[in-house]
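Trainee: Dropping in work25.cif, which is mmCIF, C-alpha atoms:
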data_coords
loop_
_atom_site.label_atom_id
_atom_site.label_comp_id
_atom_site.auth_asym_id
_atom_site.auth_seq_id
_atom_site.Cartn_x
_atom_site.Cartn_y
_atom_site.Cartn_z
CA MET A 1 65.80 200.13 34.94
CA LYS A 2 65.49 196.38 35.24
CA LYS A 3 69.24 195.93 34.76
CA ARG A 4 69.99 198.58 37.38
CA LYS A 5 67.62 196.96 39.85
CA MET A 6 69.14 193.55 39.23
CA LYS A 7 72.63 194.94 39.93
CA LYS A 8 71.42 196.39 43.22
CA ASN A 9 69.99 193.02 44.25
CA VAL A 10 73.24 191.21 43.40
CA SER A 11 75.20 193.77 45.43
CA LYS A 12 72.90 193.24 48.43
CA ILE A 13 73.23 189.46 48.22
CA PHE A 14 76.99 189.76 47.94
CA LEU A 15 77.14 192.02 51.00
CA ILE A 16 74.90 189.64 52.96
CA LEU A 17 77.11 186.66 52.02
CA LEU A 18 80.22 188.63 52.95
CA PHE A 19 78.69 189.53 56.30
CA ILE A 20 77.74 185.87 56.97
CA LEU A 21 81.28 184.73 56.11
CA PHE A 22 82.68 187.37 58.46
CA ILE A 23 80.43 186.14 61.30
CA ILE A 24 81.46 182.50 60.65
CA PHE A 25 85.14 183.51 60.66
CA LEU A 26 84.71 185.51 63.87
CA ILE A 27 83.03 182.57 65.63
CA TRP A 28 85.79 180.21 64.45
CA PHE A 29 88.50 182.60 65.57
CA ILE A 30 87.03 183.03 69.09
CA ASP A 31 86.54 179.27 69.56
CA ASN A 32 90.02 178.51 68.32
CA LYS A 33 91.57 181.07 70.69
CA LYS A 34 89.68 179.60 73.67
CA ASN A 35 90.92 176.11 72.83
CA ASN A 36 94.51 177.29 72.50
CA ASP A 37 94.34 179.14 75.82
CA ALA A 38 92.85 176.09 77.54
CA ASN A 39 95.56 173.84 76.15
CA LYS A 40 98.25 176.27 77.27
CA ASN A 41 96.83 176.39 80.78
CA ASN A 42 96.69 172.62 80.95
CA ASP A 43 100.33 172.40 79.86
CA ASP A 44 101.37 174.98 82.44
CA ASN A 45 99.61 173.07 85.21
CA LYS A 46 101.14 169.70 84.41
CA SER A 47 103.61 168.44 87.05
CA PRO A 48 107.05 167.50 85.75
CA ILE A 49 107.68 163.76 85.67
CA VAL A 50 110.38 162.89 88.19
CA ASP A 51 112.21 159.58 88.31
CA PRO A 52 111.90 158.49 91.96
CA LYS A 53 115.40 156.99 91.82
CA PRO A 54 117.91 159.44 90.34
CA SER A 55 120.77 158.10 88.26
CA LYS A 56 124.14 158.13 89.99
CA PRO A 57 126.03 161.34 89.17
CA ASP A 58 129.79 161.55 88.74
CA ASN A 59 129.76 164.27 91.39
CA PRO A 60 126.38 164.87 93.07
CA SER A 61 127.41 168.31 94.33
CA GLU A 62 127.67 169.60 90.76
CA ASN A 63 124.27 168.40 89.55
CA GLU A 64 121.08 170.22 90.40
CA LYS A 65 118.37 167.67 91.19
CA PRO A 66 114.61 168.04 91.60
CA GLU A 67 113.00 166.83 94.81
CA VAL A 68 112.71 163.05 94.60
CA LEU A 69 110.70 160.33 96.25
CA THR A 70 113.80 158.57 97.56
CA TYR A 71 117.28 159.67 98.54
CA LEU A 72 118.76 156.38 97.32
CA ASN A 73 121.56 157.02 94.84
CA ASN A 74 122.91 153.53 94.21
CA ILE A 75 122.70 150.00 95.63
CA THR A 76 125.16 147.15 95.05
CA TYR A 77 125.10 143.54 96.16
CA ASP A 78 127.77 141.12 97.37
CA VAL A 79 124.89 138.70 97.99
CA ASN A 80 121.27 138.40 96.93
CA LEU A 81 118.62 140.11 99.04
CA ASP A 82 114.89 139.48 99.21
CA LYS A 83 113.18 142.44 97.51
CA ASP A 84 110.56 142.73 100.27
CA ILE A 85 113.36 143.12 102.84
CA GLU A 86 115.14 145.59 100.57
CA LYS A 87 111.99 147.73 100.41
CA VAL A 88 111.88 147.96 104.22
CA ILE A 89 115.58 148.93 104.37
CA ILE A 90 115.09 151.68 101.78
CA GLU A 91 111.95 152.87 103.57
CA TYR A 92 113.94 153.10 106.82
CA MET A 93 116.86 154.91 105.13
CA ASP A 94 114.62 157.38 103.31
CA LEU A 95 112.89 158.30 106.56
CA TYR A 96 116.26 158.70 108.27
CA TYR A 97 117.58 161.03 105.55
CA LYS A 98 114.32 162.97 105.53
CA SER A 99 114.75 163.49 109.29
CA MET A 100 118.33 164.65 108.79
CA LYS A 101 117.43 166.88 105.87
CA GLU A 102 114.65 168.70 107.70
CA LEU A 103 115.94 168.24 111.27
CA LYS A 104 112.53 166.88 112.13
CA GLU A 105 111.82 163.73 114.14
CA TYR A 106 109.59 161.30 112.26
CA ASP A 107 108.05 158.13 113.70
CA PHE A 108 110.10 155.03 112.83
CA THR A 109 108.42 152.64 115.26
CA TYR A 110 105.95 151.26 112.70
CA LEU A 111 108.93 149.61 110.96
CA PHE A 112 109.85 147.65 114.10
CA ALA A 113 108.37 144.45 115.53
CA ASN A 114 110.46 144.74 118.70
CA GLU A 115 109.25 147.63 120.87
CA GLU A 116 112.55 148.11 122.70
CA ALA A 117 114.57 148.16 119.45
CA GLY A 118 112.12 150.70 118.06
CA LEU A 119 112.49 152.92 121.14
CA ILE A 120 116.30 152.77 120.98
CA ASN A 121 116.22 153.79 117.33
CA GLN A 122 113.69 156.58 117.95
CA THR A 123 115.81 157.96 120.81
CA ALA A 124 118.94 157.97 118.64
CA ILE A 125 117.18 159.78 115.78
CA SER A 126 115.65 162.28 118.21
CA LEU A 127 119.06 162.90 119.81
CA LEU A 128 120.66 163.60 116.43
CA VAL A 129 117.90 166.04 115.44
CA GLU A 130 117.80 167.89 118.77
CA ILE A 131 121.58 168.27 119.08
CA ARG A 132 121.97 169.61 115.54
CA LYS A 133 119.18 172.10 116.18
CA LEU A 134 121.19 173.47 119.13
CA LYS A 135 124.14 174.38 116.91
CA PRO A 136 124.58 177.99 115.67
CA ASN A 137 124.93 177.00 111.99
CA ASP A 138 122.01 175.75 109.90
CA LEU A 139 122.58 171.98 109.79
CA THR A 140 119.49 171.17 107.73
CA LEU A 141 120.43 169.67 104.37
CA ASP A 142 120.08 171.28 100.98
CA LYS A 143 120.76 167.91 99.28
CA ALA A 144 121.18 164.33 100.43
CA LEU A 145 121.95 161.10 98.59
CA TYR A 146 123.02 157.71 99.90
CA ASP A 147 124.54 154.50 98.56
CA LEU A 148 124.02 151.02 100.00
CA LYS A 149 126.24 147.96 99.66
CA ILE A 150 124.62 144.68 100.77
CA GLU A 151 127.47 142.65 102.28
CA SER A 152 125.85 139.59 103.87
CA VAL A 153 122.49 137.95 104.45
CA SER A 154 122.04 135.06 106.89
CA LYS A 155 119.02 133.19 108.22
CA LYS A 156 118.77 132.17 111.88
CA ASN A 157 115.64 130.30 112.89
CA ASP A 158 112.77 132.64 111.97
CA THR A 159 114.92 135.78 111.53
CA ILE A 160 117.06 137.13 108.70
CA GLU A 161 120.18 139.21 109.43
CA VAL A 162 121.38 141.75 106.86
CA LYS A 163 124.74 143.52 107.10
CA LEU A 164 125.28 146.49 104.83
CA ARG A 165 127.49 149.52 104.38
CA GLU A 166 126.00 152.98 103.87
CA SER A 167 127.79 155.94 102.29
CA ASN A 168 126.37 159.37 101.57
CA TYR A 169 126.71 162.79 99.95
CA LEU A 170 125.43 165.68 102.08
CA ASN A 171 125.16 169.41 101.38
CA PHE A 172 124.45 171.33 104.58
CA ASN A 173 122.45 174.51 104.09
CA PHE A 174 125.02 176.78 105.72
CA MET A 175 127.69 175.58 103.23
CA LYS A 176 125.66 174.49 100.19
CA ASP A 177 128.56 174.53 97.75
CA ILE A 178 130.61 171.94 99.67
CA THR A 179 129.69 168.26 99.60
CA SER A 180 130.37 166.37 102.82
CA ARG A 181 130.83 162.61 102.55
CA VAL A 182 130.60 159.74 105.00
CA TYR A 183 131.90 156.37 103.84
CA ASN A 184 131.08 152.79 104.80
CA ILE A 185 128.86 153.21 107.86
CA GLU A 186 128.11 149.78 109.34
CA ASN A 187 124.41 148.91 109.53
CA ASP A 188 123.08 145.63 110.97
CA PHE A 189 119.39 144.76 110.48
CA THR A 190 117.54 141.72 111.81
CA PHE A 191 114.13 141.02 110.24
CA LYS A 192 111.18 138.80 111.04
CA LEU A 193 107.94 138.13 109.17
CA VAL A 194 104.98 139.58 111.08
CA ASP A 195 101.52 139.10 109.52
CA GLY A 196 103.09 138.59 106.12
CA LYS A 197 105.30 141.72 106.28
CA TYR A 198 108.96 142.00 107.25
CA LYS A 199 109.58 144.01 110.40
CA ILE A 200 112.81 145.00 112.14
CA VAL A 201 113.45 143.15 115.41
CA LYS A 202 117.00 144.44 115.94
CA TYR A 203 119.06 147.27 114.46
CA ASN A 204 122.45 148.88 115.03
CA LYS A 205 124.36 151.66 113.28
CA VAL A 206 128.04 152.38 114.00
CA GLN A 207 127.86 156.17 113.98
CA ASP A 208 128.23 158.83 116.67
CA PHE A 209 124.59 159.54 117.60
CA TYR A 210 123.65 155.84 117.63
CA VAL A 211 126.71 154.78 119.64
CA MET A 212 125.93 157.49 122.20
CA VAL A 213 122.62 155.75 122.96
CA THR A 214 123.57 152.07 122.63
CA GLY A 215 126.78 152.65 124.59
CA LYS A 216 124.80 153.80 127.64
CA TYR A 217 121.57 151.82 127.40
CA SER A 218 121.20 148.34 128.91
CA THR A 219 117.62 148.13 130.17
CA GLY A 220 114.75 150.28 131.42
CA GLY A 221 112.78 151.08 128.28
CA ALA A 222 111.41 154.54 127.55
CA ILE A 223 112.23 155.99 130.99
CA ALA A 224 115.91 155.04 130.79
CA LEU A 225 116.19 156.14 127.15
CA ASN A 226 114.59 159.52 127.85
CA LYS A 227 117.10 160.09 130.66
CA ILE A 228 120.02 159.24 128.38
CA LYS A 229 118.75 161.73 125.82
CA SER A 230 118.05 164.41 128.44
CA ASP A 231 121.51 164.04 130.03
CA TYR A 232 123.21 164.39 126.66
CA LEU A 233 121.18 167.45 125.70
CA ASN A 234 122.01 169.17 128.98
CA LEU A 235 125.70 168.39 128.47
CA ILE A 236 125.62 169.65 124.88
CA LYS A 237 124.00 172.91 126.01
CA THR A 238 126.86 173.41 128.48
CA LYS A 239 129.45 172.72 125.78
CA GLU A 240 127.72 175.12 123.37
CA ASP A 241 127.86 177.85 126.03
CA LYS A 242 131.62 177.22 126.29
CA LEU A 243 131.96 177.47 122.50
CA LYS A 244 130.19 180.84 122.58
CA VAL A 245 132.87 182.09 124.99
CA ASP A 246 135.58 180.64 122.72
CA LEU A 247 134.05 182.42 119.73
CA GLU A 248 133.98 185.72 121.60
CA ASN A 249 137.66 185.27 122.59
CA TYR A 250 138.57 184.41 119.01
CA LEU A 251 136.77 187.48 117.65
CA ASN A 252 138.72 189.58 120.17
CA ASN A 253 142.04 187.85 119.30
CA LYS A 254 142.24 186.17 122.70
CA GLY A 255 142.32 182.62 123.99
CA ILE A 256 145.46 181.14 122.40
CA ASN A 257 149.08 180.77 123.48
CA LEU A 258 151.27 180.54 120.39
CA LYS A 259 154.32 178.28 120.55
CA ILE A 260 157.62 178.93 118.81
CA CYS A 261 159.20 175.70 117.50
CA ASP A 262 162.57 174.91 115.95
CA HIS A 263 160.87 173.81 112.73
CA SER A 264 157.50 174.84 111.31
CA TYR A 265 154.69 172.51 110.30
CA ASP A 266 153.98 172.09 106.57
CA ARG A 267 150.19 172.39 106.66
CA LEU A 268 149.82 172.13 102.90
CA LYS A 269 151.62 168.77 102.75
CA ALA A 270 149.57 167.53 105.70
CA LYS A 271 146.31 168.59 104.05
CA ASN A 272 147.24 167.04 100.69
CA TYR A 273 147.94 163.70 102.36
CA ALA A 274 144.69 163.88 104.35
CA VAL A 275 142.70 164.53 101.17
CA SER A 276 144.51 161.79 99.22
CA TRP A 277 143.86 159.02 101.75
CA VAL A 278 140.40 159.71 103.08
CA GLY A 279 138.05 156.78 102.41
CA LYS A 280 140.94 154.39 101.79
CA ARG A 281 144.13 153.05 103.41
CA ASN A 282 147.77 153.57 102.48
CA SER A 283 149.42 150.15 102.10
CA ASP A 284 152.78 151.63 103.20
CA TRP A 285 151.42 151.63 106.75
CA PRO A 286 149.79 149.06 109.03
CA LYS A 287 146.02 149.43 109.14
CA TYR A 288 143.53 148.74 111.93
CA ASP A 289 139.80 148.22 112.31
CA SER A 290 139.86 151.46 114.29
CA ASN A 291 142.22 153.40 112.04
CA CYS A 292 141.39 156.99 112.98
CA GLN A 293 144.47 157.94 115.04
CA ASN A 294 146.79 155.97 112.74
CA TYR A 295 145.50 158.04 109.79
CA VAL A 296 145.85 161.29 111.75
CA SER A 297 149.43 160.45 112.80
CA GLN A 298 150.32 159.70 109.17
CA VAL A 299 148.97 163.13 108.19
CA VAL A 300 151.06 164.88 110.87
CA TYR A 301 154.15 162.89 109.82
CA GLU A 302 153.63 163.86 106.16
CA GLY A 303 153.51 167.48 107.36
CA THR A 304 157.28 166.99 107.99
CA VAL A 305 157.02 166.22 111.73
CA PRO A 306 159.54 163.39 112.33
CA MET A 307 158.98 160.28 114.43
CA ASP A 308 160.29 160.57 117.96
CA TYR A 309 162.67 157.85 119.19
CA ILE A 310 164.21 159.95 121.96
CA GLY A 311 163.27 160.25 125.63
CA GLU A 312 160.55 158.64 127.73
CA ASN A 313 157.68 159.55 125.40
CA LYS A 314 158.07 158.16 121.89
CA TRP A 315 155.98 158.55 118.75
CA GLY A 316 156.34 156.32 115.71
CA ASN A 317 159.18 153.71 115.81
CA TYR A 318 158.32 152.38 112.34
CA ASN A 319 159.92 152.55 108.89
CA ASN A 320 157.12 152.80 106.35
CA LYS A 321 159.50 152.13 103.44
CA THR A 322 161.02 148.89 104.72
CA LYS A 323 157.93 148.12 106.85
CA THR A 324 160.05 147.33 109.87
CA GLY A 325 159.53 148.25 113.51
CA SER A 326 156.22 148.74 115.30
CA LEU A 327 153.94 151.71 115.75
CA ASP A 328 153.82 153.08 119.30
CA THR A 329 150.48 153.45 121.07
CA THR A 330 151.12 157.20 121.00
CA TRP A 331 150.80 156.88 117.21
CA THR A 332 147.71 154.66 117.11
CA TYR A 333 145.66 155.32 120.27
CA VAL A 334 143.67 158.54 120.77
CA PRO A 335 144.37 159.26 124.50
CA TYR A 336 148.06 158.35 124.18
CA PHE A 337 148.59 160.74 121.26
CA TYR A 338 146.90 163.48 123.30
CA ASN A 339 149.21 162.83 126.26
CA TYR A 340 152.29 162.73 124.03
CA VAL A 341 151.55 166.15 122.51
CA LYS A 342 150.65 167.56 125.93
CA ASN A 343 153.79 166.33 127.70
CA ASN A 344 156.47 166.39 124.99
CA THR A 345 158.96 169.20 125.63
CA GLY A 346 162.10 168.00 123.86
CA TYR A 347 162.67 166.42 120.47
CA GLY A 348 159.60 165.71 118.35
CA ILE A 349 156.14 167.23 118.05
CA CYS A 350 155.73 170.80 119.21
CA GLY A 351 152.06 171.44 119.90
CA ASP A 352 149.36 172.23 122.42
CA VAL A 353 146.11 170.56 123.55
CA ASP A 354 142.60 171.81 124.38
CA VAL A 355 143.05 174.91 122.22
CA ASN A 356 140.19 177.25 121.29
CA LEU A 357 138.45 175.48 118.37
CA TYR A 358 138.10 178.67 116.31
CA TYR A 359 141.88 178.84 115.89
CA ALA A 360 141.94 175.54 113.98
CA GLU A 361 143.98 175.32 110.78
CA ALA A 362 144.57 172.62 108.18
CA GLY A 363 146.73 169.87 109.67
CA ASP A 364 145.58 170.36 113.25
CA VAL A 365 144.03 167.42 115.10
CA ILE A 366 140.62 167.17 116.77
CA HIS A 367 139.64 164.51 119.31
CA VAL A 368 136.00 163.82 120.18
CA GLY A 369 134.08 161.46 122.46
CA THR A 370 131.14 160.75 124.74
CA THR A 371 132.71 160.94 128.23
CA GLY A 372 135.77 162.89 127.15
CA PRO A 373 137.64 163.66 123.90
CA THR A 374 139.10 160.15 123.86
CA LYS A 375 137.04 158.12 121.37
CA HIS A 376 137.81 159.33 117.86
CA ALA A 377 140.49 161.34 116.02
CA LEU A 378 139.97 163.70 113.07
CA ILE A 379 142.22 165.91 110.99
CA VAL A 380 141.39 169.51 110.12
CA ILE A 381 141.46 170.19 106.36
CA ASP A 382 139.85 173.63 106.16
CA THR A 383 137.62 176.18 107.87
CA ILE A 384 134.32 177.78 106.90
CA LYS A 385 134.40 181.56 107.17
CA GLU A 386 131.82 184.31 107.19
CA ASN A 387 133.08 187.88 106.82
CA ASP A 388 136.63 186.45 107.06
CA LYS A 389 135.89 184.93 110.47
CA VAL A 390 135.81 181.19 111.20
CA ILE A 391 132.31 179.84 111.86
CA ASP A 392 133.04 176.12 111.47
CA VAL A 393 135.82 173.60 110.90
CA LEU A 394 135.97 170.94 108.18
CA VAL A 395 137.52 167.57 109.05
CA ASN A 396 138.51 164.27 107.43
CA SER A 397 138.83 160.96 109.25
CA ASN A 398 139.10 157.19 109.04
CA THR A 399 136.63 154.90 110.86
CA VAL A 400 134.01 156.28 110.29
CA ASP A 401 135.55 157.82 107.16
CA LEU A 402 134.56 161.47 106.80
CA GLU A 403 135.37 164.00 104.09
CA ASN A 404 134.72 167.77 104.23
CA TYR A 405 132.60 167.20 107.31
CA PRO A 406 131.71 170.18 109.55
CA ILE A 407 132.71 169.55 113.13
CA SER A 408 129.44 171.16 114.29
CA ALA A 409 127.53 168.26 112.67
CA TYR A 410 129.25 165.85 115.05
CA VAL A 411 127.00 165.11 118.00
CA TYR A 412 129.66 163.83 120.41
CA PRO A 413 129.64 166.30 123.33
CA TYR A 414 133.42 166.47 123.91
CA VAL A 415 135.57 168.18 121.27
CA SER A 416 139.24 169.06 121.78
CA LEU A 417 141.54 170.85 119.34
CA ILE A 418 145.18 169.70 119.36
CA LYS A 419 147.24 172.37 117.66
CA ILE A 420 150.37 171.24 115.80
CA TYR A 421 152.93 174.05 115.47
CA GLY A 422 155.89 172.04 114.19
CA TRP A 423 158.72 170.10 115.82
CA ASN A 424 161.80 170.64 117.94
CA ASP A 425 165.34 169.30 117.64
#
Turn the structure described in the file into structure tokens.
Mentor:
Amino acid sequence: MKKRKMKKNVSKIFLILLFILFIIFLIWFIDNKKNNDANKNNDDNKSPIVDPKPSKPDNPSENEKPEVLTYLNNITYDVNLDKDIEKVIIEYMDLYYKSMKELKEYDFTYLFANEEAGLINQTAISLLVEIRKLKPNDLTLDKALYDLKIESVSKKNDTIEVKLRESNYLNFNFMKDITSRVYNIENDFTFKLVDGKYKIVKYNKVQDFYVMVTGKYSTGGAIALNKIKSDYLNLIKTKEDKLKVDLENYLNNKGINLKICDHSYDRLKAKNYAVSWVGKRNSDWPKYDSNCQNYVSQVVYEGTVPMDYIGENKWGNYNNKTKTGSLDTTWTYVPYFYNYVKNNTGYGICGDVDVNLYYAEAGDVIHVGTTGPTKHALIVIDTIKENDKVIDVLVNSNTVDLENYPISAYVYPYVSLIKIYGWND
């Protein structure tokens, strides 16, 4: 009996110990699970670490990038630059690209010591934003990167002048898969120390929207600048109404008078040359500070259109192999080329001017400007289509050098398509 009772007691103790161990294990298991869940949640909630300055890609359009704190891609120096001044330049550029990316006007005036210079800049930025918002395609940016090249720094009394070149890579939202490039935009900054911080006292950018303001403004402050902006916006609205009519005519196969020429235009050769020499200059030809029409004429010539030495209107008069002769103004000057194509009826270029923009093809020419299409020449390299219908035109140019740039992103109000059909004997 005693042995049996002892066995029962041992069994009870064993069961009690087993139960206690089970409770301890259960408590440990629950606590451990809570800790693991908490750690997982913390990991899920952590923000990814983003380098505020992305490394320079071989081709930015092919690399997906997270949102960054700056749009600066690369900066190079021909001369040394004070880092405090550099910070202000980058701050200005980042705000500019943010405005372009979102098509939203941000306040730049805090960067300026000179009120008038600040107002001029603010008007130019506002004009760019408002004009692009009027266009039918979405001209906000999916991606934007820029490069800076510091070319010169000079001190004059209590100011410091900085000259730099700006280039960029832009992906517009309505054509995300195509990278547009702008090369070597001239930027001139003048800085002055104000309460221990560098401020901008003068600024100029050689690009369409900025030239539109500085080319018209002389004095008058905010009132005069607001009128300049208002006049341009009213003009742009009128031009956009005209483009709507052109689009409707194009969709209904109207609005163009085709020309039959003795010889057809080789658009593929023209396009290949345009792509090969954008952003640089062909040493076989003379080059100019304003090289846009010279580049366009070279493209047309490479499309098998011969130089014209016959008759009153001539085009060319230069041997690019022996580098003899001289280029006619019809070759190098925007309005003269326009008049040559318009008036030429015999030997030479066979084309038409002021053609419906939606009929543009690779190798055609586009002229743009502020008071008429007389300021700048571009070459068509492609079109953007939706449902097999043209919705925009891509151009290349020299001075400012553009590549794969949608013509709708240009803010000049006057745009004229010069159609090249070929040439006549």
Trainee: From the list A:Thr332, A:Thr238, A:Asn339, A:Ser180, which residue is nearest Val395 in chain A when using all atoms listed in the file?
Mentor: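 Counting all atoms listed in the file, the residue closest to Val395 in chain A is A:Ser180.
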Trainee: Using all atoms listed in the file, find each residue of range 96-176 of chain A with at least one atom at most 12 Å away from an atom of range 209-233 of chain A; report its shortest atom-to-atom pair and that distance in Å (one decimal), sort the rows by chain and rising residue number, and return the result as CSV.
Mentor:
residue,atom,partner,partner_atom,distance
A:Met100,CA,A:Phe209,CA,12.0
A:Asn114,CA,A:Gly221,CA,11.7
A:Glu115,CA,A:Gly221,CA,8.9
A:Glu116,CA,A:Gly221,CA,6.3
A:Ala117,CA,A:Gly221,CA,9.5
A:Gly118,CA,A:Gly221,CA,10.2
A:Leu119,CA,A:Ala222,CA,6.7
A:Ile120,CA,A:Leu225,CA,7.0
A:Asn121,CA,A:Tyr210,CA,7.7
A:Gln122,CA,A:Leu225,CA,9.5
A:Thr123,CA,A:Leu225,CA,6.6
A:Ala124,CA,A:Tyr210,CA,5.3
A:Ile125,CA,A:Phe209,CA,7.6
A:Ser126,CA,A:Lys229,CA,8.2
A:Leu127,CA,A:Lys229,CA,6.1
A:Leu128,CA,A:Phe209,CA,5.8
A:Val129,CA,A:Phe209,CA,9.6
A:Glu130,CA,A:Leu233,CA,7.7
A:Ile131,CA,A:Leu233,CA,6.7
A:Arg132,CA,A:Leu233,CA,10.4
A:Lys133,CA,A:Leu233,CA,10.8
A:Leu134,CA,A:Leu233,CA,8.9
A:Lys135,CA,A:Leu233,CA,11.6
Trainee: Expand the PyMOL selection byres ((chain A and resi 351) around 6) into the explicit residue set it covers here, and present it as a ChimeraX atom specification.
Mentor: /A:341,350,352,419-421
Trainee: Quick one, how far is CA of Asp188 in chain A from CA of Val79 in chain A?
Mentor: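 Computing the Euclidean distance for CA of Asp188 in chain A and CA of Val79 in chain A yields 14.8 Å.
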Trainee: Which residues would end up in the selection if the PyMOL selection byres ((chain A and resi 283-285) around 10) were applied here, given that I need the answer as an MDAnalysis selection string?
Mentor: chainID A and resid 280:282 286:288 294:295 298 318:323 327
Trainee: Find the residues near Gly196 in chain A: any atom within 12 Å, counting all atoms listed in the file, skip ones fewer than 4 places away on the same chain, and give them as a list in words.
Mentor: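 In the requested format, the answer is Asp84, Ile85 and Lys192 of chain A.
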Trainee: Report, in Å with one decimal, the straight-line distance from CA of Lys98 in chain A to CA of Leu72 in chain A.
Mentor: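 It comes out at 11.4 Å.
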Trainee: From the set A:Pro413, A:Pro335, A:Gly303, A:Gly346, which residue has the shortest atom-to-atom contact distance to Ala362 in chain A, counting all atoms listed in the file?
Mentor: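 Once distances to Ala362 in chain A are computed over all atoms listed in the file, the minimum belongs to A:Gly303.
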Trainee: Distance table requested - range 173-198 of chain A against range 371-385 of chain A, cut-off 12 Å, all atoms listed in the file: one row per qualifying residue with the closest atom pair and its distance in Å to one decimal, ordered by chain and rising residue number, as CSV.
Mentor:
residue,atom,partner,partner_atom,distance
A:Phe174,CA,A:Ile384,CA,9.4
A:Met175,CA,A:Ile384,CA,7.9
A:Lys176,CA,A:Ile384,CA,11.4
A:Asp177,CA,A:Ile384,CA,11.3
A:Ile178,CA,A:Ile384,CA,10.0
Trainee: In terms of the shortest atom-to-atom distance over all atoms listed in the file, which of A:Tyr333, A:Ile366, A:Pro136, A:Asn173 is closest to Val353 in chain A?
Mentor: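 Of the candidates, the smallest distance to Val353 in chain A is held by A:Ile366.
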Trainee: Please expand the PyMOL selection byres ((chain A and resi 273-276) around 7) into the concrete residues it hits in this file, giving the result as a ChimeraX atom specification.
Mentor: /A:269-272,277-278,299,302,396
Trainee: How far is it from CA of Pro306 in chain A to CA of Val334 in chain A, in Å with one decimal?
Mentor: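 It comes out at 18.6 Å.
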Trainee: Given the choices A:Asn313, A:Thr324, A:Asn73, A:Gln207, which gets closest to Leu170 in chain A if the distance is worked out from all atoms listed in the file?
Mentor: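 Of all the options, A:Asn73 lies closest to Leu170 in chain A.
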Trainee: Using all atoms listed in the file, tabulate the residues of range 64-141 of chain A lying at most 12 Å from any atom of range 162-169 of chain A, each with its closest atom pair and that distance in Å to one decimal, by chain and increasing residue number, as a tab-separated table.
Mentor:
residue	atom	partner	partner_atom	distance
A:Tyr71	CA	A:Asn168	CA	9.6
A:Leu72	CA	A:Asn168	CA	9.2
A:Asn73	CA	A:Asn168	CA	8.6
A:Asn74	CA	A:Ser167	CA	9.7
A:Ile75	CA	A:Glu166	CA	9.4
A:Thr76	CA	A:Leu164	CA	9.8
A:Tyr77	CA	A:Leu164	CA	9.2
A:Asp78	CA	A:Leu164	CA	9.5
A:Val79	CA	A:Val162	CA	10.0
A:Asn80	CA	A:Val162	CA	10.5
A:Leu81	CA	A:Val162	CA	8.5
A:Asp82	CA	A:Val162	CA	10.3
A:Ile85	CA	A:Val162	CA	9.1
A:Glu86	CA	A:Val162	CA	9.7
A:Val88	CA	A:Val162	CA	11.7
A:Ile89	CA	A:Val162	CA	9.6
A:Ile90	CA	A:Glu166	CA	11.2
A:Met93	CA	A:Glu166	CA	9.4
A:Tyr97	CA	A:Asn168	CA	9.8
A:Lys101	CA	A:Tyr169	CA	11.7
A:Leu141	CA	A:Tyr169	CA	10.3
Trainee: Select, from A:Asp266, A:Asp308, A:Asp401, A:Asp392, the residue with the minimum atom-to-atom distance to Leu247 in chain A, counting only C-alpha atoms.
Mentor: A:Asp392
Trainee: Could you pull the residues within 7 Å of Asn356 in chain A, counting all atoms listed in the file, minus those fewer than 6 positions along the same chain, as number ranges by chain?
Mentor: A: 246, 255-256, 417
Trainee: Write out as a count of residues only the residues lying within 6 Å of Asn398 in chain A, counting all atoms listed in the file and excluding same-chain residues fewer than 2 positions away.
Mentor: 4
